[in-house]
file query05.cif (mmCIF, C-alpha atoms)
data_coords
#
loop_
_atom_site.label_atom_id
_atom_site.label_comp_id
_atom_site.auth_asym_id
_atom_site.auth_seq_id
_atom_site.Cartn_x
_atom_site.Cartn_y
_atom_site.Cartn_z
CA MET A 112 129.08 101.43 87.78
CA GLU A 113 129.02 97.91 89.22
CA LEU A 114 127.08 94.80 88.21
CA VAL A 115 126.12 93.72 91.71
CA THR A 116 124.17 90.60 90.73
CA GLY A 117 126.82 89.31 88.36
CA LYS A 118 129.92 87.10 88.57
CA ALA A 119 133.09 89.15 89.05
CA GLY A 120 135.60 86.39 89.74
CA VAL A 121 136.13 87.66 93.29
CA PRO A 122 133.74 88.21 96.24
CA HIS A 123 132.18 91.62 95.65
CA VAL A 124 128.57 91.64 96.91
CA SER A 125 128.39 93.38 100.29
CA SER A 126 125.76 93.72 102.98
CA ALA A 127 125.49 97.37 101.95
CA ASP A 128 124.56 96.24 98.42
CA ASP A 129 121.83 93.98 99.78
CA GLY A 130 120.70 96.65 102.22
CA ARG A 131 120.19 99.24 99.48
CA ARG A 132 118.27 96.73 97.36
CA ILE A 133 115.99 95.69 100.24
CA ALA A 134 115.38 99.33 101.20
CA GLY A 135 114.52 100.14 97.60
CA GLU A 136 112.05 97.26 97.43
CA VAL A 137 110.26 97.57 100.78
CA GLY A 138 111.13 101.07 102.01
CA ALA A 139 113.98 102.85 103.76
CA GLY A 140 112.39 102.66 107.21
CA SER A 141 111.92 99.79 109.65
CA TYR A 142 109.21 97.13 109.37
CA VAL A 143 108.00 93.90 110.99
CA LEU A 144 107.52 90.97 108.59
CA GLN A 145 104.57 88.62 108.86
CA THR A 146 106.66 85.66 109.99
CA GLY A 147 106.79 83.70 113.23
CA GLY A 148 105.15 85.54 116.11
CA ARG A 149 105.66 88.89 114.35
CA LEU A 150 107.94 90.07 117.18
CA ALA A 151 104.87 90.67 119.38
CA PRO A 152 106.12 92.23 122.65
CA SER A 153 104.69 91.14 126.00
CA LEU A 154 105.37 92.00 129.62
CA VAL A 155 106.92 89.12 131.56
CA ASP A 156 107.27 91.16 134.75
CA ALA A 157 107.73 94.81 135.70
CA ASN A 158 111.31 94.75 134.42
CA THR A 159 111.20 92.32 131.49
CA VAL A 160 109.80 92.67 127.97
CA ARG A 161 109.71 89.54 125.83
CA PHE A 162 109.73 89.65 122.02
CA ALA A 163 108.19 86.77 120.11
CA THR A 164 109.93 85.14 117.16
CA GLY A 165 109.88 86.83 113.79
CA ASP A 166 111.76 89.04 111.38
CA MET A 167 112.19 92.74 110.79
CA ILE A 168 113.76 94.97 108.18
CA VAL A 169 115.71 97.81 109.78
CA GLN A 170 116.95 100.36 107.25
CA GLY A 171 117.60 97.64 104.69
CA ARG A 172 119.07 95.08 107.11
CA HIS A 173 117.21 91.81 107.75
CA ILE A 174 117.18 90.88 111.44
CA GLY A 175 115.65 87.63 112.68
CA LEU A 176 114.59 86.19 116.03
CA THR A 177 114.44 82.38 115.86
CA ALA A 178 113.52 82.17 119.54
CA PRO A 179 111.82 84.61 121.94
CA GLU A 180 114.19 87.15 123.46
CA ASP A 181 113.92 89.09 126.74
CA VAL A 182 114.98 92.70 127.28
CA LYS A 183 115.39 94.23 130.75
CA VAL A 184 114.01 97.68 131.57
CA ALA A 185 114.61 99.76 134.69
CA SER A 186 111.91 100.07 137.35
CA GLY A 187 109.58 103.04 137.37
CA THR A 188 109.81 105.89 139.87
CA GLN A 189 107.21 106.46 142.57
CA GLY A 190 104.96 109.38 141.62
CA LYS A 191 106.66 109.90 138.24
CA LYS A 192 105.94 108.95 134.63
CA ARG A 193 108.47 107.77 132.06
CA THR A 194 108.71 106.41 128.53
CA ASP A 195 111.53 104.13 127.41
CA TYR A 196 112.45 102.97 123.93
CA ILE A 197 113.68 99.45 123.28
CA CYS A 198 115.95 99.73 120.26
CA VAL A 199 117.99 97.79 117.78
CA HIS A 200 121.59 98.92 118.19
CA TYR A 201 123.58 98.41 114.98
CA LYS A 202 127.39 98.62 115.01
CA ARG A 203 130.07 98.19 112.36
CA ASP A 204 133.66 97.80 113.48
CA VAL A 205 135.64 100.73 112.07
CA SER A 206 138.22 100.91 114.86
CA GLY A 207 141.98 100.90 114.39
CA ALA A 208 144.14 100.96 111.32
CA ASN A 209 142.69 97.69 109.98
CA PRO A 210 139.01 97.57 110.98
CA THR A 211 137.19 94.27 110.49
CA LEU A 212 134.00 96.03 109.30
CA VAL A 213 132.06 93.24 111.03
CA GLU A 214 128.43 94.25 111.61
CA THR A 215 126.43 93.32 114.71
CA VAL A 216 123.06 94.10 116.26
CA GLU A 217 121.87 93.93 119.85
CA TRP A 218 119.04 95.22 122.01
CA THR A 219 119.55 98.47 123.86
CA VAL A 220 117.21 100.60 125.96
CA LEU A 221 116.96 104.37 125.76
CA GLN A 222 115.56 105.51 129.10
CA GLY A 223 113.32 108.53 129.31
CA THR A 224 113.48 111.13 132.07
CA PRO A 225 110.99 110.63 134.94
CA GLY A 226 108.60 113.55 135.39
CA THR A 227 105.00 114.66 135.52
CA ASP A 228 104.69 113.70 131.84
CA ALA A 229 105.99 110.57 130.13
CA THR A 230 108.51 112.28 127.85
CA ALA A 231 110.12 110.04 125.24
CA PRO A 232 113.95 109.87 125.18
CA SER A 233 115.96 111.48 122.42
CA VAL A 234 117.35 109.15 119.76
CA PRO A 235 120.95 109.56 118.51
CA ALA A 236 121.15 110.59 114.86
CA GLY A 237 122.39 107.99 112.41
CA SER A 238 121.44 105.91 109.37
CA ILE A 239 122.69 102.51 108.27
CA LEU A 240 121.86 103.39 104.67
CA ASP A 241 124.01 106.52 104.93
CA GLY A 242 126.97 104.42 106.06
CA ASP A 243 127.00 105.33 109.75
CA ALA A 244 128.81 102.78 111.91
CA ASP A 245 126.73 103.26 115.08
CA VAL A 246 122.96 103.48 114.67
CA THR A 247 120.14 103.18 117.21
CA VAL A 248 116.62 102.46 115.93
CA PRO A 249 113.62 102.40 118.32
CA VAL A 250 111.28 99.46 117.69
CA CYS A 251 109.19 99.35 120.88
CA SER A 252 108.03 101.73 123.60
CA VAL A 253 107.32 101.02 127.27
CA SER A 254 105.52 103.53 129.50
CA PHE A 255 105.75 103.75 133.28
CA ASP A 256 103.25 105.33 135.66
CA GLY A 257 104.90 105.32 139.05
CA LEU A 258 105.96 101.75 139.77
CA THR A 259 103.48 100.33 137.24
CA THR A 260 104.89 99.16 133.92
CA GLY A 261 102.55 99.53 130.93
CA GLU A 262 102.13 97.09 128.09
CA PRO A 263 104.93 97.40 125.50
CA LYS A 264 103.96 98.62 122.04
CA LEU A 265 105.74 98.14 118.72
CA LEU A 266 106.75 101.41 117.08
CA ILE A 267 107.44 100.00 113.62
CA PRO A 268 104.66 98.99 111.21
CA GLU A 269 103.94 95.52 109.94
CA LEU A 270 104.87 95.08 106.29
CA THR A 271 102.08 93.74 104.09
CA PRO A 272 103.23 90.84 101.86
CA LEU A 273 103.10 91.38 98.10
CA ALA A 274 100.66 88.47 97.75
CA THR A 275 98.21 90.22 100.05
CA LEU A 276 98.64 93.53 98.24
CA GLY A 277 97.95 91.83 94.93
CA ASP A 278 94.79 90.21 96.24
CA SER A 279 93.64 93.47 97.80
CA VAL A 280 93.41 95.33 94.48
CA SER A 281 90.27 93.43 93.47
CA GLN A 282 88.79 93.85 96.95
CA ALA A 283 88.82 97.66 97.07
CA VAL A 284 85.39 99.12 97.88
CA LEU A 285 84.50 102.65 96.74
CA LEU A 286 83.24 104.61 99.75
CA LEU A 287 83.11 108.13 98.32
CA SER A 288 83.28 109.74 94.88
CA GLU A 289 82.63 113.42 94.32
CA ASP A 290 83.63 116.18 91.90
CA LEU A 291 84.90 119.40 93.47
CA THR A 292 84.88 122.70 91.59
CA VAL A 293 88.39 124.22 91.66
CA PRO A 294 89.99 127.15 89.81
CA GLY A 295 89.79 126.46 86.09
CA GLY A 296 88.10 123.07 86.32
CA LYS A 297 87.07 120.15 88.51
CA MET A 298 88.91 117.56 90.54
CA ARG A 299 87.40 114.21 91.43
CA VAL A 300 88.04 112.84 94.91
CA GLU A 301 87.59 109.11 95.46
CA VAL A 302 88.10 107.20 98.70
CA TYR A 303 88.42 103.41 98.69
CA ASP A 304 88.38 100.87 101.51
CA VAL A 305 90.92 98.06 101.06
CA PRO A 306 89.91 95.52 103.74
CA ALA A 307 92.76 93.10 103.05
CA ILE A 308 95.32 95.63 104.27
CA ARG A 309 92.97 97.64 106.53
CA GLU A 310 93.66 100.92 104.78
CA LEU A 311 91.85 103.72 103.06
CA VAL A 312 93.14 104.98 99.73
CA MET A 313 92.41 108.50 98.50
CA ARG A 314 92.65 109.15 94.76
CA VAL A 315 92.51 112.64 93.26
CA SER A 316 92.43 113.47 89.57
CA GLY A 317 91.52 116.53 87.54
CA ASN A 318 92.68 119.86 86.20
CA VAL A 319 93.65 123.17 87.76
CA LYS A 320 94.21 126.47 85.96
CA SER A 321 94.51 129.91 87.51
CA THR A 322 95.87 133.34 86.59
CA GLY A 323 96.66 134.17 90.22
CA LYS A 324 97.90 132.59 93.39
CA PHE A 325 95.51 130.76 95.72
CA PHE A 326 95.47 128.57 98.82
CA THR A 327 92.08 126.99 99.35
CA ASP A 328 90.56 123.98 101.12
CA TYR A 329 87.74 122.12 99.37
CA TYR A 330 85.47 119.65 101.17
CA THR A 331 83.22 116.90 99.88
CA THR A 332 79.60 116.92 101.03
CA GLY A 333 79.60 113.15 101.16
CA LYS A 334 81.16 111.29 104.08
CA ILE A 335 82.73 107.90 104.63
CA PRO A 336 81.19 105.62 107.30
CA LYS A 337 82.23 106.27 110.90
CA ASP A 338 83.63 102.75 111.31
CA LYS A 339 86.08 103.44 108.47
CA LEU A 340 87.46 106.72 109.82
CA PRO A 341 91.24 106.79 110.43
CA SER A 342 92.31 107.25 114.03
CA THR A 343 93.77 110.70 113.31
CA SER A 344 93.16 113.46 110.79
CA VAL A 345 96.50 114.03 109.04
CA ASN A 346 97.40 116.13 106.00
CA CYS A 347 99.25 114.11 103.39
CA ALA A 348 100.92 115.33 100.22
CA LEU A 349 99.12 114.19 97.06
CA ALA A 350 101.16 115.97 94.42
CA GLN A 351 103.74 118.66 93.97
CA TYR A 352 104.81 120.25 90.71
CA GLU A 353 107.27 122.99 89.83
CA GLY A 354 108.18 123.88 86.28
CA THR A 355 107.54 126.09 83.29
CA TRP A 356 103.85 126.39 84.04
CA GLY A 357 104.22 127.48 87.66
CA ARG A 358 104.18 125.84 91.06
CA PHE A 359 101.39 123.73 92.47
CA CYS A 360 100.81 121.53 95.51
CA ALA A 361 97.85 119.35 96.51
CA ARG A 362 97.21 117.81 99.92
CA GLY A 363 94.51 115.40 100.97
CA CYS A 364 92.89 114.48 104.27
CA ILE A 365 89.98 112.60 105.78
CA VAL A 366 88.64 114.94 108.47
CA ASP A 367 87.05 113.85 111.73
CA ASP A 368 83.45 114.01 110.49
CA GLY A 369 84.20 111.70 107.54
CA ARG A 370 84.43 114.28 104.73
CA ALA A 371 87.40 114.33 102.39
CA ARG A 372 89.37 117.58 102.26
CA LEU A 373 91.46 118.67 99.29
CA SER A 374 93.91 121.52 99.86
CA LEU A 375 95.25 123.25 96.75
CA ILE A 376 98.22 125.60 96.99
CA ALA A 377 99.55 127.74 94.14
CA PRO A 378 101.94 130.56 95.20
CA GLN A 379 101.83 131.96 91.67
CA ALA A 380 99.72 131.74 88.53
CA ILE A 381 99.22 128.38 86.90
CA GLN A 382 99.28 129.11 83.19
CA THR A 383 97.94 125.80 81.94
CA GLY A 384 95.92 122.84 83.12
CA TYR A 385 97.52 120.36 85.43
CA THR A 386 96.35 116.81 85.90
CA THR A 387 97.28 114.59 88.79
CA GLU A 388 96.21 111.22 90.09
CA CYS A 389 97.67 110.15 93.40
CA HIS A 390 97.09 107.70 96.20
CA ILE A 391 97.32 108.19 99.97
CA SER A 392 96.81 105.39 102.48
CA TYR A 393 95.53 105.69 106.02
CA ALA A 394 95.84 102.84 108.53
CA PHE A 395 92.82 102.72 110.82
#
call {"tool": "encode", "arguments": {"input": "query05.cif", "output": "structure tokens"}}
result
Amino acid sequence: MELVTGKAGVPHVSSADDGRRIAGEVGAGSYVLQTGGRLAPSLVDANTVRFATGDMIVQGRHIGLTAPEDVKVASGTQGKKRTDYICVHYKRDVSGANPTLVETVEWTVLQGTPGTDATAPSVPAGSILDGDADVTVPVCSVSFDGLTTGEPKLLIPELTPLATLGDSVSQAVLLLSEDLTVPGGKMRVEVYDVPAIRELVMRVSGNVKSTGKFFTDYYTTGKIPKDKLPSTSVNCALAQYEGTWGRFCARGCIVDDGRARLSLIAPQAIQTGYTTECHISYAF
């Protein structure tokens, strides 16, 4: 055990310590912060992508651009399509008998293979949080159609500031509320619009009890407005339980026509009631 944020008499706080803390606070993935120009990518010419100023968190590491930076990409191929990834390349010096352990980041481009389809390149496995010394993280994609270079697109989401999240709680608008009859009881499905963060939140609460296994989809009759539908219909885990009373899983989804779908899965009997209340967000 180590007291990281405490005086030890010698230097003892490492970038790995800070990285774990940041990842625990904001998430273990990669995110753009709402600072500067938010790293907005733009096409300077067919072979140059420019990133605006800003900051990002990449697997717990804070990376900043205090001035716009240009990244070169290779030309497209006549009659072929291609997708490239512009990546952050993280390295830690572990070479030799006495490695410096100095950490650096730079831009690197993973080039896709030209073909009839724009197939994305494979990304080398690795994780900064797992202690890997050479990690490549895609942050932007560029597509090519013949010799034409498409507009670059960020692959990592923008992180919503805590102040905005706090304000958004009071701004949530209930779009749908309906009770669904399930084995042994009812479950209420609620869908909220949170305009401040442009997300939908699904909340499910209730009780399930069954003497046998079941796998059933339940749909609301009510629908959310078309202008609030998420861009894709994706199943998301709402709850999972395994214990003395059996196994149980719930999944939620907003389907294309605006109804909410609740999928309940029990591979064996549930011997007692089970209550769950969970939230799922959809960017739209």
call {"tool": "resolve_selection", "arguments": {"input": "query05.cif", "expression": "the PyMOL selection byres ((chain A and resi 290) around 9)", "output": "PDB file with C-alpha atoms, keeping the file's coordinate frame"}}
result
ATOM      1  CA  SER A 288      83.280 109.740  94.880  1.00  0.00           C
ATOM      2  CA  GLU A 289      82.630 113.420  94.320  1.00  0.00           C
ATOM      3  CA  LEU A 291      84.900 119.400  93.470  1.00  0.00           C
ATOM      4  CA  THR A 292      84.880 122.700  91.590  1.00  0.00           C
ATOM      5  CA  LYS A 297      87.070 120.150  88.510  1.00  0.00           C
ATOM      6  CA  MET A 298      88.910 117.560  90.540  1.00  0.00           C
ATOM      7  CA  ARG A 299      87.400 114.210  91.430  1.00  0.00           C
ATOM      8  CA  VAL A 300      88.040 112.840  94.910  1.00  0.00           C
ATOM      9  CA  GLU A 301      87.590 109.110  95.460  1.00  0.00           C
ATOM     10  CA  THR A 331      83.220 116.900  99.880  1.00  0.00           C
TER      11      THR A 331
END
call {"tool": "closest_residue", "arguments": {"input": "query05.cif", "among": "A:Gln189, A:Ser374, A:Gln282, A:Asn158", "to": "A:Phe325", "atoms": "all atoms listed in the file"}}
result
A:Ser374
call {"tool": "resolve_selection", "arguments": {"input": "query05.cif", "expression": "the PyMOL selection byres ((chain A and resi 218) around 10)", "output": "list in words"}}
result
Glu180, Asp181, Val182, Lys183, Ile197, Cys198, Val199, His200, Tyr201, Val216, Glu217, Thr219, Val220, Thr247, Val248, Pro249 and Val250 of chain A
call {"tool": "closest_residue", "arguments": {"input": "query05.cif", "among": "A:Ser141, A:Ser316, A:Thr188, A:Gln222", "to": "A:Ile267", "atoms": "only C-alpha atoms"}}
result
A:Ser141
call {"tool": "resolve_selection", "arguments": {"input": "query05.cif", "expression": "the PyMOL selection byres ((chain A and resi 138) around 12)", "output": "VMD selection string"}}
result
chain A and resid 130 to 137 139 to 143 168 to 172 240 268 270 to 271
call {"tool": "residues_around", "arguments": {"input": "query05.cif", "residues": "A:Gly165", "least_positions_apart": "2", "cutoff": "12 Å", "atoms": "all atoms listed in the file", "output": "JSON list (two decimals) with C-alpha atoms, keeping the file's coordinate frame"}}
result
[["chain", "number", "residue", "atom", "x", "y", "z"],
["A", 142, "TYR", "CA", 109.21, 97.13, 109.37],
["A", 143, "VAL", "CA", 108.00, 93.90, 110.99],
["A", 144, "LEU", "CA", 107.52, 90.97, 108.59],
["A", 145, "GLN", "CA", 104.57, 88.62, 108.86],
["A", 146, "THR", "CA", 106.66, 85.66, 109.99],
["A", 147, "GLY", "CA", 106.79, 83.70, 113.23],
["A", 148, "GLY", "CA", 105.15, 85.54, 116.11],
["A", 149, "ARG", "CA", 105.66, 88.89, 114.35],
["A", 150, "LEU", "CA", 107.94, 90.07, 117.18],
["A", 151, "ALA", "CA", 104.87, 90.67, 119.38],
["A", 152, "PRO", "CA", 106.12, 92.23, 122.65],
["A", 162, "PHE", "CA", 109.73, 89.65, 122.02],
["A", 163, "ALA", "CA", 108.19, 86.77, 120.11],
["A", 167, "MET", "CA", 112.19, 92.74, 110.79],
["A", 168, "ILE", "CA", 113.76, 94.97, 108.18],
["A", 173, "HIS", "CA", 117.21, 91.81, 107.75],
["A", 174, "ILE", "CA", 117.18, 90.88, 111.44],
["A", 175, "GLY", "CA", 115.65, 87.63, 112.68],
["A", 176, "LEU", "CA", 114.59, 86.19, 116.03],
["A", 177, "THR", "CA", 114.44, 82.38, 115.86],
["A", 178, "ALA", "CA", 113.52, 82.17, 119.54],
["A", 179, "PRO", "CA", 111.82, 84.61, 121.94],
["A", 180, "GLU", "CA", 114.19, 87.15, 123.46],
["A", 269, "GLU", "CA", 103.94, 95.52, 109.94]]
call {"tool": "atom_distance", "arguments": {"input": "query05.cif", "atom1": "atom CA of A:Gly223", "atom2": "atom CA of A:Ser254"}}
result
9.3 Å
call {"tool": "atom_distance", "arguments": {"input": "query05.cif", "atom1": "atom CA of A:Leu375", "atom2": "atom CA of A:Arg362"}}
result
6.6 Å
call {"tool": "atom_distance", "arguments": {"input": "query05.cif", "atom1": "atom CA of A:Asp228", "atom2": "atom CA of A:Thr260"}}
result
14.7 Å
call {"tool": "closest_residue", "arguments": {"input": "query05.cif", "among": "A:Thr164, A:Pro341, A:Leu221, A:Ser126", "to": "A:Gly242", "atoms": "only C-alpha atoms"}}
result
A:Ser126
call {"tool": "residues_around", "arguments": {"input": "query05.cif", "residues": "A:Asp204", "least_positions_apart": "2", "cutoff": "10 Å", "atoms": "only C-alpha atoms", "output": "number ranges by chain"}}
result
A: 202, 206-207, 209-215, 244-245
call {"tool": "closest_residue", "arguments": {"input": "query05.cif", "among": "A:Val115, A:Val305, A:Ile335, A:Ala127", "to": "A:Asp368", "atoms": "only C-alpha atoms"}}
result
A:Ile335
call {"tool": "closest_residue", "arguments": {"input": "query05.cif", "among": "A:Thr332, A:Ser186, A:Thr275, A:Ser153", "to": "A:Leu258", "atoms": "only C-alpha atoms"}}
result
A:Ser186
call {"tool": "closest_residue", "arguments": {"input": "query05.cif", "among": "A:Cys251, A:Leu286, A:Lys191, A:Ala208", "to": "A:Ala229", "atoms": "only C-alpha atoms"}}
result
A:Lys191
call {"tool": "decode", "arguments": {"input": "query05.cif", "residues": "stretch 207-218 of chain A", "atoms": "all heavy atoms", "output": "PDB file, in the first residue's frame"}}
result
ATOM      1  N   GLY A 207      18.042  -1.245 -23.023  1.00  0.00           N
ATOM      2  CA  GLY A 207      19.327  -1.343 -22.346  1.00  0.00           C
ATOM      3  C   GLY A 207      19.234  -1.776 -20.902  1.00  0.00           C
ATOM      4  O   GLY A 207      18.154  -2.022 -20.360  1.00  0.00           O
ATOM      5  N   ALA A 208      20.392  -1.828 -20.280  1.00  0.00           N
ATOM      6  CA  ALA A 208      20.466  -2.278 -18.887  1.00  0.00           C
ATOM      7  C   ALA A 208      19.965  -1.215 -17.921  1.00  0.00           C
ATOM      8  O   ALA A 208      19.502  -1.532 -16.821  1.00  0.00           O
ATOM      9  CB  ALA A 208      21.906  -2.659 -18.541  1.00  0.00           C
ATOM     10  N   ASN A 209      20.077   0.061 -18.315  1.00  0.00           N
ATOM     11  CA  ASN A 209      19.639   1.162 -17.460  1.00  0.00           C
ATOM     12  C   ASN A 209      18.705   2.086 -18.242  1.00  0.00           C
ATOM     13  O   ASN A 209      19.087   3.186 -18.646  1.00  0.00           O
ATOM     14  CB  ASN A 209      20.850   1.952 -16.945  1.00  0.00           C
ATOM     15  CG  ASN A 209      21.762   1.108 -16.084  1.00  0.00           C
ATOM     16  OD1 ASN A 209      21.373   0.650 -15.019  1.00  0.00           O
ATOM     17  ND2 ASN A 209      22.985   0.888 -16.562  1.00  0.00           N
ATOM     18  N   PRO A 210      17.484   1.644 -18.493  1.00  0.00           N
ATOM     19  CA  PRO A 210      16.551   2.455 -19.279  1.00  0.00           C
ATOM     20  C   PRO A 210      16.197   3.753 -18.561  1.00  0.00           C
ATOM     21  O   PRO A 210      16.137   3.799 -17.326  1.00  0.00           O
ATOM     22  CB  PRO A 210      15.338   1.545 -19.410  1.00  0.00           C
ATOM     23  CG  PRO A 210      15.406   0.624 -18.236  1.00  0.00           C
ATOM     24  CD  PRO A 210      16.869   0.384 -18.014  1.00  0.00           C
ATOM     25  N   THR A 211      15.965   4.807 -19.345  1.00  0.00           N
ATOM     26  CA  THR A 211      15.619   6.102 -18.754  1.00  0.00           C
ATOM     27  C   THR A 211      14.160   6.146 -18.303  1.00  0.00           C
ATOM     28  O   THR A 211      13.800   6.967 -17.470  1.00  0.00           O
ATOM     29  CB  THR A 211      15.851   7.229 -19.762  1.00  0.00           C
ATOM     30  OG1 THR A 211      14.942   7.079 -20.859  1.00  0.00           O
ATOM     31  CG2 THR A 211      17.293   7.195 -20.284  1.00  0.00           C
ATOM     32  N   LEU A 212      13.316   5.308 -18.901  1.00  0.00           N
ATOM     33  CA  LEU A 212      11.874   5.289 -18.635  1.00  0.00           C
ATOM     34  C   LEU A 212      11.184   6.593 -19.032  1.00  0.00           C
ATOM     35  O   LEU A 212      10.048   6.864 -18.630  1.00  0.00           O
ATOM     36  CB  LEU A 212      11.579   4.976 -17.162  1.00  0.00           C
ATOM     37  CG  LEU A 212      12.157   3.658 -16.630  1.00  0.00           C
ATOM     38  CD1 LEU A 212      11.772   3.471 -15.165  1.00  0.00           C
ATOM     39  CD2 LEU A 212      11.667   2.472 -17.454  1.00  0.00           C
ATOM     40  N   VAL A 213      11.890   7.403 -19.840  1.00  0.00           N
ATOM     41  CA  VAL A 213      11.306   8.655 -20.338  1.00  0.00           C
ATOM     42  C   VAL A 213      10.148   8.327 -21.282  1.00  0.00           C
ATOM     43  O   VAL A 213      10.253   7.463 -22.147  1.00  0.00           O
ATOM     44  CB  VAL A 213      12.369   9.508 -21.061  1.00  0.00           C
ATOM     45  CG1 VAL A 213      11.721  10.659 -21.822  1.00  0.00           C
ATOM     46  CG2 VAL A 213      13.383  10.032 -20.065  1.00  0.00           C
ATOM     47  N   GLU A 214       9.041   9.047 -21.111  1.00  0.00           N
ATOM     48  CA  GLU A 214       7.842   8.822 -21.924  1.00  0.00           C
ATOM     49  C   GLU A 214       7.682   9.940 -22.954  1.00  0.00           C
ATOM     50  O   GLU A 214       7.876  11.118 -22.629  1.00  0.00           O
ATOM     51  CB  GLU A 214       6.606   8.758 -21.028  1.00  0.00           C
ATOM     52  CG  GLU A 214       6.632   7.605 -20.033  1.00  0.00           C
ATOM     53  CD  GLU A 214       5.589   7.761 -18.947  1.00  0.00           C
ATOM     54  OE1 GLU A 214       5.806   8.612 -18.059  1.00  0.00           O
ATOM     55  OE2 GLU A 214       4.574   7.049 -18.993  1.00  0.00           O
ATOM     56  N   THR A 215       7.305   9.570 -24.169  1.00  0.00           N
ATOM     57  CA  THR A 215       7.094  10.541 -25.232  1.00  0.00           C
ATOM     58  C   THR A 215       5.848  10.178 -26.030  1.00  0.00           C
ATOM     59  O   THR A 215       5.410   9.020 -26.021  1.00  0.00           O
ATOM     60  CB  THR A 215       8.295  10.595 -26.196  1.00  0.00           C
ATOM     61  OG1 THR A 215       8.493   9.287 -26.767  1.00  0.00           O
ATOM     62  CG2 THR A 215       9.570  11.031 -25.476  1.00  0.00           C
ATOM     63  N   VAL A 216       5.293  11.172 -26.713  1.00  0.00           N
ATOM     64  CA  VAL A 216       4.189  10.924 -27.645  1.00  0.00           C
ATOM     65  C   VAL A 216       4.471  11.661 -28.941  1.00  0.00           C
ATOM     66  O   VAL A 216       5.120  12.717 -28.947  1.00  0.00           O
ATOM     67  CB  VAL A 216       2.821  11.369 -27.081  1.00  0.00           C
ATOM     68  CG1 VAL A 216       2.361  10.462 -25.955  1.00  0.00           C
ATOM     69  CG2 VAL A 216       2.842  12.823 -26.634  1.00  0.00           C
ATOM     70  N   GLU A 217       3.996  11.087 -30.036  1.00  0.00           N
ATOM     71  CA  GLU A 217       4.121  11.714 -31.344  1.00  0.00           C
ATOM     72  C   GLU A 217       2.982  11.223 -32.227  1.00  0.00           C
ATOM     73  O   GLU A 217       2.318  10.227 -31.919  1.00  0.00           O
ATOM     74  CB  GLU A 217       5.470  11.354 -31.983  1.00  0.00           C
ATOM     75  CG  GLU A 217       5.643   9.865 -32.219  1.00  0.00           C
ATOM     76  CD  GLU A 217       6.987   9.512 -32.813  1.00  0.00           C
ATOM     77  OE1 GLU A 217       7.784  10.436 -33.058  1.00  0.00           O
ATOM     78  OE2 GLU A 217       7.229   8.307 -33.036  1.00  0.00           O
ATOM     79  N   TRP A 218       2.751  11.933 -33.327  1.00  0.00           N
ATOM     80  CA  TRP A 218       1.748  11.491 -34.297  1.00  0.00           C
ATOM     81  C   TRP A 218       2.310  10.370 -35.151  1.00  0.00           C
ATOM     82  O   TRP A 218       3.500  10.374 -35.487  1.00  0.00           O
ATOM     83  CB  TRP A 218       1.348  12.641 -35.223  1.00  0.00           C
ATOM     84  CG  TRP A 218       0.654  13.792 -34.568  1.00  0.00           C
ATOM     85  CD1 TRP A 218       1.142  15.055 -34.403  1.00  0.00           C
ATOM     86  CD2 TRP A 218      -0.665  13.803 -34.015  1.00  0.00           C
ATOM     87  NE1 TRP A 218       0.219  15.850 -33.779  1.00  0.00           N
ATOM     88  CE2 TRP A 218      -0.907  15.113 -33.531  1.00  0.00           C
ATOM     89  CE3 TRP A 218      -1.662  12.840 -33.885  1.00  0.00           C
ATOM     90  CZ2 TRP A 218      -2.100  15.476 -32.916  1.00  0.00           C
ATOM     91  CZ3 TRP A 218      -2.857  13.208 -33.272  1.00  0.00           C
ATOM     92  CH2 TRP A 218      -3.067  14.500 -32.801  1.00  0.00           C
TER      93      TRP A 218
END
